[in-house]
>>> print(open('model_28.cif').read())   # mmCIF, C-alpha atoms, pLDDT in the B column; chains and numbers go by the auth columns
data_my_file
loop_
_atom_site.group_PDB
_atom_site.id
_atom_site.type_symbol
_atom_site.label_atom_id
_atom_site.label_comp_id
_atom_site.label_asym_id
_atom_site.label_seq_id
_atom_site.Cartn_x
_atom_site.Cartn_y
_atom_site.Cartn_z
_atom_site.B_iso_or_equiv
_atom_site.auth_seq_id
_atom_site.auth_asym_id
ATOM 1 C CA MET A 1 57.189 -112.630 -41.459 50.00 25 A
ATOM 2 C CA PRO A 2 58.550 -109.959 -39.241 54.00 26 A
ATOM 3 C CA VAL A 3 56.211 -107.372 -40.818 52.00 27 A
ATOM 4 C CA ILE A 4 53.061 -109.225 -39.665 55.00 28 A
ATOM 5 C CA GLU A 5 54.537 -109.670 -36.178 58.00 29 A
ATOM 6 C CA GLU A 6 55.326 -105.946 -35.995 58.00 30 A
ATOM 7 C CA LYS A 7 51.756 -105.103 -37.058 58.00 31 A
ATOM 8 C CA THR A 8 50.370 -107.431 -34.403 61.00 32 A
ATOM 9 C CA ILE A 9 52.479 -105.744 -31.720 62.00 33 A
ATOM 10 C CA ASN A 10 51.385 -102.266 -32.928 65.00 34 A
ATOM 11 C CA THR A 11 47.751 -103.371 -32.943 68.00 35 A
ATOM 12 C CA GLN A 12 48.083 -104.757 -29.421 70.00 36 A
ATOM 13 C CA GLU A 13 49.727 -101.523 -28.263 71.00 37 A
ATOM 14 C CA MET A 14 46.934 -99.547 -29.910 65.00 38 A
ATOM 15 C CA VAL A 15 44.287 -101.698 -28.201 64.00 39 A
ATOM 16 C CA VAL A 16 45.987 -101.222 -24.818 65.00 40 A
ATOM 17 C CA ASP A 17 46.327 -97.488 -25.494 66.00 41 A
ATOM 18 C CA LEU A 18 42.683 -97.282 -26.555 63.00 42 A
ATOM 19 C CA GLU A 19 41.600 -99.106 -23.394 68.00 43 A
ATOM 20 C CA LYS A 20 43.591 -96.650 -21.280 67.00 44 A
ATOM 21 C CA GLN A 21 42.047 -93.719 -23.112 68.00 45 A
ATOM 22 C CA THR A 22 38.563 -95.188 -22.627 67.00 46 A
ATOM 23 C CA GLU A 23 39.209 -95.630 -18.894 68.00 47 A
ATOM 24 C CA GLY A 24 40.488 -92.036 -18.701 66.00 48 A
ATOM 25 C CA ALA A 25 37.423 -90.760 -20.556 62.00 49 A
ATOM 26 C CA ALA A 26 35.146 -92.680 -18.200 64.00 50 A
ATOM 27 C CA GLU A 27 36.898 -91.114 -15.190 69.00 51 A
ATOM 28 C CA ILE A 28 36.569 -87.639 -16.709 71.00 52 A
ATOM 29 C CA GLU A 29 32.899 -88.336 -17.430 68.00 53 A
ATOM 30 C CA LYS A 30 32.319 -89.375 -13.793 66.00 54 A
ATOM 31 C CA THR A 31 34.113 -86.265 -12.517 71.00 55 A
ATOM 32 C CA THR A 32 32.150 -84.048 -14.893 72.00 56 A
ATOM 33 C CA ALA A 33 28.855 -85.608 -13.794 70.00 57 A
ATOM 34 C CA VAL A 34 29.730 -85.031 -10.129 70.00 58 A
ATOM 35 C CA GLU A 35 30.748 -81.422 -10.846 70.00 59 A
ATOM 36 C CA GLU A 36 27.591 -80.858 -12.879 73.00 60 A
ATOM 37 C CA ALA A 37 25.412 -82.194 -10.040 73.00 61 A
ATOM 38 C CA ALA A 38 27.236 -79.939 -7.562 67.00 62 A
ATOM 39 C CA ALA A 39 26.807 -76.936 -9.865 67.00 63 A
ATOM 40 C CA LYS A 40 23.073 -77.664 -10.240 72.00 64 A
ATOM 41 C CA LYS A 41 22.731 -77.922 -6.461 71.00 65 A
ATOM 42 C CA ILE A 42 24.500 -74.568 -5.992 68.00 66 A
ATOM 43 C CA PHE A 43 22.356 -72.981 -8.722 70.00 67 A
ATOM 44 C CA VAL A 44 19.151 -74.169 -7.022 69.00 68 A
ATOM 45 C CA GLU A 45 20.420 -72.901 -3.657 70.00 69 A
ATOM 46 C CA VAL A 46 21.423 -69.508 -5.086 67.00 70 A
ATOM 47 C CA SER A 47 18.080 -69.155 -6.875 71.00 71 A
ATOM 48 C CA SER A 48 16.229 -69.987 -3.669 72.00 72 A
ATOM 49 C CA ILE A 49 18.193 -67.421 -1.628 65.00 73 A
ATOM 50 C CA LYS A 50 17.687 -64.783 -4.312 69.00 74 A
ATOM 51 C CA GLU A 51 13.921 -65.420 -4.448 74.00 75 A
ATOM 52 C CA ASP A 52 13.747 -65.283 -0.657 68.00 76 A
ATOM 53 C CA CYS A 53 15.580 -61.914 -0.584 62.00 77 A
ATOM 54 C CA GLU A 54 13.307 -60.498 -3.268 72.00 78 A
ATOM 55 C CA LYS A 55 10.193 -61.728 -1.449 72.00 79 A
ATOM 56 C CA VAL A 56 11.203 -60.157 1.862 65.00 80 A
ATOM 57 C CA LEU A 57 12.247 -56.899 0.193 66.00 81 A
ATOM 58 C CA SER A 58 8.982 -56.750 -1.742 71.00 82 A
ATOM 59 C CA GLU A 59 7.177 -56.412 1.597 70.00 83 A
ATOM 60 C CA ALA A 60 9.025 -53.235 2.553 65.00 84 A
ATOM 61 C CA MET A 61 9.471 -51.546 -0.811 75.00 85 A
ATOM 62 C CA PRO A 62 5.842 -50.478 -1.403 79.00 86 A
ATOM 63 C CA ALA A 63 5.720 -48.725 1.997 72.00 87 A
ATOM 64 C CA LEU A 64 9.081 -47.104 1.327 75.00 88 A
ATOM 65 C CA LYS A 65 8.067 -45.886 -2.133 82.00 89 A
ATOM 66 C CA LYS A 66 4.766 -44.573 -0.780 80.00 90 A
ATOM 67 C CA ALA A 67 6.537 -42.712 2.028 75.00 91 A
ATOM 68 C CA LEU A 68 9.100 -41.186 -0.316 79.00 92 A
ATOM 69 C CA ALA A 69 6.284 -40.119 -2.652 83.00 93 A
ATOM 70 C CA ALA A 70 4.523 -38.550 0.344 79.00 94 A
ATOM 71 C CA LEU A 71 7.696 -36.630 1.184 82.00 95 A
ATOM 72 C CA ASP A 72 7.764 -35.354 -2.399 85.00 96 A
ATOM 73 C CA THR A 73 4.362 -33.767 -1.817 83.00 97 A
ATOM 74 C CA LEU A 74 5.622 -31.799 1.198 86.00 98 A
ATOM 75 C CA ASN A 75 6.169 -28.133 0.614 87.00 99 A
ATOM 76 C CA LYS A 76 7.716 -25.374 2.656 89.00 100 A
ATOM 77 C CA GLY A 77 4.286 -23.907 3.418 90.00 101 A
ATOM 78 C CA ASP A 78 3.095 -27.163 5.035 87.00 102 A
ATOM 79 C CA ILE A 79 6.195 -27.300 7.213 91.00 103 A
ATOM 80 C CA GLY A 80 5.868 -23.598 8.062 88.00 104 A
ATOM 81 C CA GLU A 81 2.270 -24.188 9.132 86.00 105 A
ATOM 82 C CA MET A 82 3.340 -27.056 11.387 90.00 106 A
ATOM 83 C CA LYS A 83 6.189 -25.024 12.836 88.00 107 A
ATOM 84 C CA ASN A 84 3.841 -22.157 13.748 88.00 108 A
ATOM 85 C CA TYR A 85 1.806 -24.209 16.235 88.00 109 A
ATOM 86 C CA ALA A 86 2.226 -22.617 19.646 87.00 110 A
ATOM 87 C CA THR A 87 0.655 -25.649 21.287 90.00 111 A
ATOM 88 C CA PRO A 88 0.724 -28.481 18.753 93.00 112 A
ATOM 89 C CA PRO A 89 -1.555 -31.517 18.908 92.00 113 A
ATOM 90 C CA GLU A 90 -0.052 -34.367 20.922 93.00 114 A
ATOM 91 C CA ASP A 91 -0.010 -36.627 17.841 91.00 115 A
ATOM 92 C CA LEU A 92 2.087 -34.127 15.919 94.00 116 A
ATOM 93 C CA VAL A 93 4.592 -33.877 18.781 95.00 117 A
ATOM 94 C CA LEU A 94 4.782 -37.679 18.730 96.00 118 A
ATOM 95 C CA VAL A 95 5.636 -37.660 14.997 96.00 119 A
ATOM 96 C CA MET A 96 8.262 -34.960 15.331 96.00 120 A
ATOM 97 C CA ASP A 97 9.806 -36.662 18.367 97.00 121 A
ATOM 98 C CA ALA A 98 10.191 -39.789 16.213 97.00 122 A
ATOM 99 C CA VAL A 99 11.916 -37.686 13.546 96.00 123 A
ATOM 100 C CA LEU A 100 14.274 -36.245 16.163 97.00 124 A
ATOM 101 C CA VAL A 101 15.149 -39.789 17.234 97.00 125 A
ATOM 102 C CA LEU A 102 15.820 -40.781 13.598 96.00 126 A
ATOM 103 C CA LEU A 103 18.020 -37.715 13.122 96.00 127 A
ATOM 104 C CA GLU A 104 19.855 -38.596 16.354 96.00 128 A
ATOM 105 C CA LYS A 105 19.122 -35.276 18.025 94.00 129 A
ATOM 106 C CA PRO A 106 19.982 -35.280 21.722 90.00 130 A
ATOM 107 C CA LYS A 107 16.608 -33.911 22.831 90.00 131 A
ATOM 108 C CA THR A 108 12.999 -34.343 21.832 90.00 132 A
ATOM 109 C CA GLY A 109 10.102 -31.969 22.348 92.00 133 A
ATOM 110 C CA TRP A 110 8.376 -29.273 20.367 94.00 134 A
ATOM 111 C CA ALA A 111 11.070 -26.620 20.848 93.00 135 A
ATOM 112 C CA GLU A 112 13.668 -28.957 19.304 94.00 136 A
ATOM 113 C CA ALA A 113 11.227 -29.941 16.540 94.00 137 A
ATOM 114 C CA LYS A 114 10.625 -26.283 15.691 94.00 138 A
ATOM 115 C CA SER A 115 14.362 -25.693 15.475 93.00 139 A
ATOM 116 C CA ILE A 116 14.882 -28.465 12.884 94.00 140 A
ATOM 117 C CA MET A 117 11.920 -27.128 10.912 94.00 141 A
ATOM 118 C CA GLY A 118 13.445 -23.613 11.050 92.00 142 A
ATOM 119 C CA ASN A 119 14.460 -23.901 7.400 92.00 143 A
ATOM 120 C CA PRO A 120 11.542 -25.854 5.869 93.00 144 A
ATOM 121 C CA GLY A 121 13.319 -26.533 2.559 92.00 145 A
ATOM 122 C CA GLN A 122 16.379 -27.897 4.318 94.00 146 A
ATOM 123 C CA PHE A 123 14.211 -29.997 6.654 95.00 147 A
ATOM 124 C CA ILE A 124 12.398 -31.596 3.696 93.00 148 A
ATOM 125 C CA GLU A 125 15.715 -32.256 1.959 94.00 149 A
ATOM 126 C CA THR A 126 17.134 -33.843 5.125 95.00 150 A
ATOM 127 C CA LEU A 127 14.256 -36.318 5.193 94.00 151 A
ATOM 128 C CA GLN A 128 14.479 -37.017 1.450 92.00 152 A
ATOM 129 C CA LYS A 129 18.215 -37.728 1.658 93.00 153 A
ATOM 130 C CA TYR A 130 18.037 -39.708 4.890 94.00 154 A
ATOM 131 C CA ASP A 131 20.325 -42.756 4.674 93.00 155 A
ATOM 132 C CA LYS A 132 17.936 -45.612 5.353 90.00 156 A
ATOM 133 C CA ASP A 133 20.750 -48.168 5.019 88.00 157 A
ATOM 134 C CA LYS A 134 22.739 -46.847 7.983 91.00 158 A
ATOM 135 C CA ILE A 135 20.239 -46.455 10.803 93.00 159 A
ATOM 136 C CA PRO A 136 22.033 -47.427 14.039 94.00 160 A
ATOM 137 C CA ALA A 137 20.485 -50.205 16.139 93.00 161 A
ATOM 138 C CA LYS A 138 20.193 -47.879 19.166 95.00 162 A
ATOM 139 C CA VAL A 139 18.109 -45.449 17.065 95.00 163 A
ATOM 140 C CA LEU A 140 15.815 -48.235 15.885 94.00 164 A
ATOM 141 C CA LYS A 141 15.376 -49.396 19.464 95.00 165 A
ATOM 142 C CA LYS A 142 14.340 -45.879 20.593 95.00 166 A
ATOM 143 C CA LEU A 143 12.105 -45.511 17.529 95.00 167 A
ATOM 144 C CA LYS A 144 9.989 -48.521 18.558 95.00 168 A
ATOM 145 C CA LYS A 145 8.448 -46.450 21.357 95.00 169 A
ATOM 146 C CA TYR A 146 6.907 -44.187 18.716 96.00 170 A
ATOM 147 C CA VAL A 147 6.028 -46.574 15.889 95.00 171 A
ATOM 148 C CA ASN A 148 4.331 -48.980 18.319 96.00 172 A
ATOM 149 C CA ASP A 149 2.169 -46.213 19.801 96.00 173 A
ATOM 150 C CA PRO A 150 -1.472 -46.646 18.625 95.00 174 A
ATOM 151 C CA LYS A 151 -1.656 -42.863 17.994 94.00 175 A
ATOM 152 C CA PHE A 152 1.250 -43.121 15.534 96.00 176 A
ATOM 153 C CA GLU A 153 -1.088 -43.741 12.620 95.00 177 A
ATOM 154 C CA PRO A 154 -0.870 -41.686 9.392 94.00 178 A
ATOM 155 C CA ASP A 155 -4.641 -41.385 8.962 94.00 179 A
ATOM 156 C CA LEU A 156 -5.062 -40.133 12.535 94.00 180 A
ATOM 157 C CA ILE A 157 -2.192 -37.671 12.101 94.00 181 A
ATOM 158 C CA ALA A 158 -3.748 -36.448 8.820 93.00 182 A
ATOM 159 C CA LYS A 159 -6.695 -35.041 10.816 92.00 183 A
ATOM 160 C CA LYS A 160 -4.242 -32.687 12.529 89.00 184 A
ATOM 161 C CA SER A 161 -1.741 -32.031 9.733 90.00 185 A
ATOM 162 C CA VAL A 162 -1.239 -33.159 6.130 89.00 186 A
ATOM 163 C CA ALA A 163 2.521 -32.663 6.465 92.00 187 A
ATOM 164 C CA GLY A 164 2.456 -34.604 9.732 94.00 188 A
ATOM 165 C CA LYS A 165 0.831 -37.551 7.925 93.00 189 A
ATOM 166 C CA SER A 166 3.596 -37.602 5.289 92.00 190 A
ATOM 167 C CA ILE A 167 6.291 -37.398 7.952 94.00 191 A
ATOM 168 C CA CYS A 168 4.597 -40.171 9.959 95.00 192 A
ATOM 169 C CA MET A 169 4.539 -42.389 6.843 93.00 193 A
ATOM 170 C CA PHE A 170 8.232 -41.648 6.343 93.00 194 A
ATOM 171 C CA VAL A 171 9.133 -42.687 9.901 95.00 195 A
ATOM 172 C CA LEU A 172 7.075 -45.893 9.632 93.00 196 A
ATOM 173 C CA ALA A 173 8.730 -46.728 6.315 90.00 197 A
ATOM 174 C CA MET A 174 12.218 -46.216 7.759 92.00 198 A
ATOM 175 C CA ASP A 175 11.363 -48.558 10.638 92.00 199 A
ATOM 176 C CA LYS A 176 9.873 -51.193 8.306 88.00 200 A
ATOM 177 C CA TYR A 177 12.808 -50.967 5.899 86.00 201 A
ATOM 178 C CA ALA A 178 15.294 -51.400 8.763 87.00 202 A
ATOM 179 C CA GLU A 179 13.412 -54.455 10.037 85.00 203 A
ATOM 180 C CA VAL A 180 13.434 -56.038 6.594 82.00 204 A
ATOM 181 C CA LYS A 181 17.088 -55.130 6.096 80.00 205 A
ATOM 182 C CA LYS A 182 17.993 -57.063 9.258 81.00 206 A
ATOM 183 C CA ILE A 183 16.391 -60.158 7.725 75.00 207 A
ATOM 184 C CA VAL A 184 17.735 -59.647 4.206 69.00 208 A
ATOM 185 C CA GLU A 185 21.362 -58.690 4.958 71.00 209 A
ATOM 186 C CA PRO A 186 22.502 -62.156 6.097 70.00 210 A
ATOM 187 C CA LYS A 187 20.664 -63.689 3.140 65.00 211 A
ATOM 188 C CA GLU A 188 22.333 -61.262 0.746 65.00 212 A
ATOM 189 C CA ALA A 189 25.740 -62.116 2.242 68.00 213 A
ATOM 190 C CA LYS A 190 24.995 -65.820 1.767 68.00 214 A
ATOM 191 C CA LEU A 191 23.822 -65.114 -1.785 66.00 215 A
ATOM 192 C CA ALA A 192 27.034 -63.225 -2.597 67.00 216 A
ATOM 193 C CA GLU A 193 29.084 -66.104 -1.169 73.00 217 A
ATOM 194 C CA SER A 194 27.095 -68.661 -3.153 66.00 218 A
ATOM 195 C CA MET A 195 27.437 -66.637 -6.341 66.00 219 A
ATOM 196 C CA LYS A 196 31.244 -66.891 -6.041 67.00 220 A
#
>>> encode(input="model_28.cif", output="structure tokens")
Amino acid sequence: MPVIEEKTINTQEMVVDLEKQTEGAAEIEKTTAVEEAAAKKIFVEVSSIKEDCEKVLSEAMPALKKALAALDTLNKGDIGEMKNYATPPEDLVLVMDAVLVLLEKPKTGWAEAKSIMGNPGQFIETLQKYDKDKIPAKVLKKLKKYVNDPKFEPDLIAKKSVAGKSICMFVLAMDKYAEVKKIVEPKEAKLAESMK
């Protein structure tokens, strides 16, 4: 009866092997469940950060788009008209001083403002191509003096100059965008890290 005995030993080995495989599968299943739970947690976290970034950005983007659209309506004639003021309204000087701060000009004042408006087409292009993502902190700090002034209001400026209103909107949008960017940048960095 050695054949039956051999079959019994093979069956026992198979049962032991099957038990080991079952234990291994159970371990893999546990590991997979833990990894799946961790992945779900990361996905929820990433989604939350992404939604938060989009929410904060959605506050600044309408103002930015409106300001850029206002700049698109500027024409050389409007700038020329502004530049020709011998004694400009105080509100208009305020707006142009804010622009000089944004452009990091060493001086403010109407004479300096007139010089940057010397070539109206180039001035408009400078504003349209302004790099809103690289405004230095020191510039933003100086800019607060202007944007926090109660006279720095587009509708008030519009009574003195249509071009001045558009430029005022532009300055306000740059300030708002920079403020939002300060909030969003760390969140975007965390989002990029989480996405990895």
>>> atom_distance(input="model_28.cif", atom1="CA of Ile148 (chain A)", atom2="CA of Glu177 (chain A)")
20.2 Å
>>> closest_atom_pairs(input="model_28.cif", of="region 115-168 of chain A", to="region 201-206 of chain A", cutoff="9 Å", atoms="only C-alpha atoms", output="CSV")
residue,atom,partner,partner_atom,distance
A:Lys156,CA,A:Ala202,CA,7.2
A:Asp157,CA,A:Ala202,CA,7.4
A:Lys158,CA,A:Ala202,CA,8.8
A:Ile159,CA,A:Ala202,CA,7.3
A:Leu164,CA,A:Ala202,CA,7.8
>>> closest_residue(input="model_28.cif", among="A:Ala87, A:Leu196, A:Ala182, A:Val163", to="Pro130 (chain A)", atoms="only C-alpha atoms")
A:Val163
>>> closest_residue(input="model_28.cif", among="A:Ala122, A:Ile181, A:Leu98, A:Val186", to="Met198 (chain A)", atoms="all atoms listed in the file")
A:Ala122
>>> residues_around(input="model_28.cif", residues="Pro178 (chain A)", least_positions_apart="6", cutoff="7 Å", atoms="all atoms listed in the file", output="list in words")
Lys189, Cys192 and Met193 of chain A
>>> atom_distance(input="model_28.cif", atom1="CA of Lys79 (chain A)", atom2="CA of Ala197 (chain A)")
17.0 Å
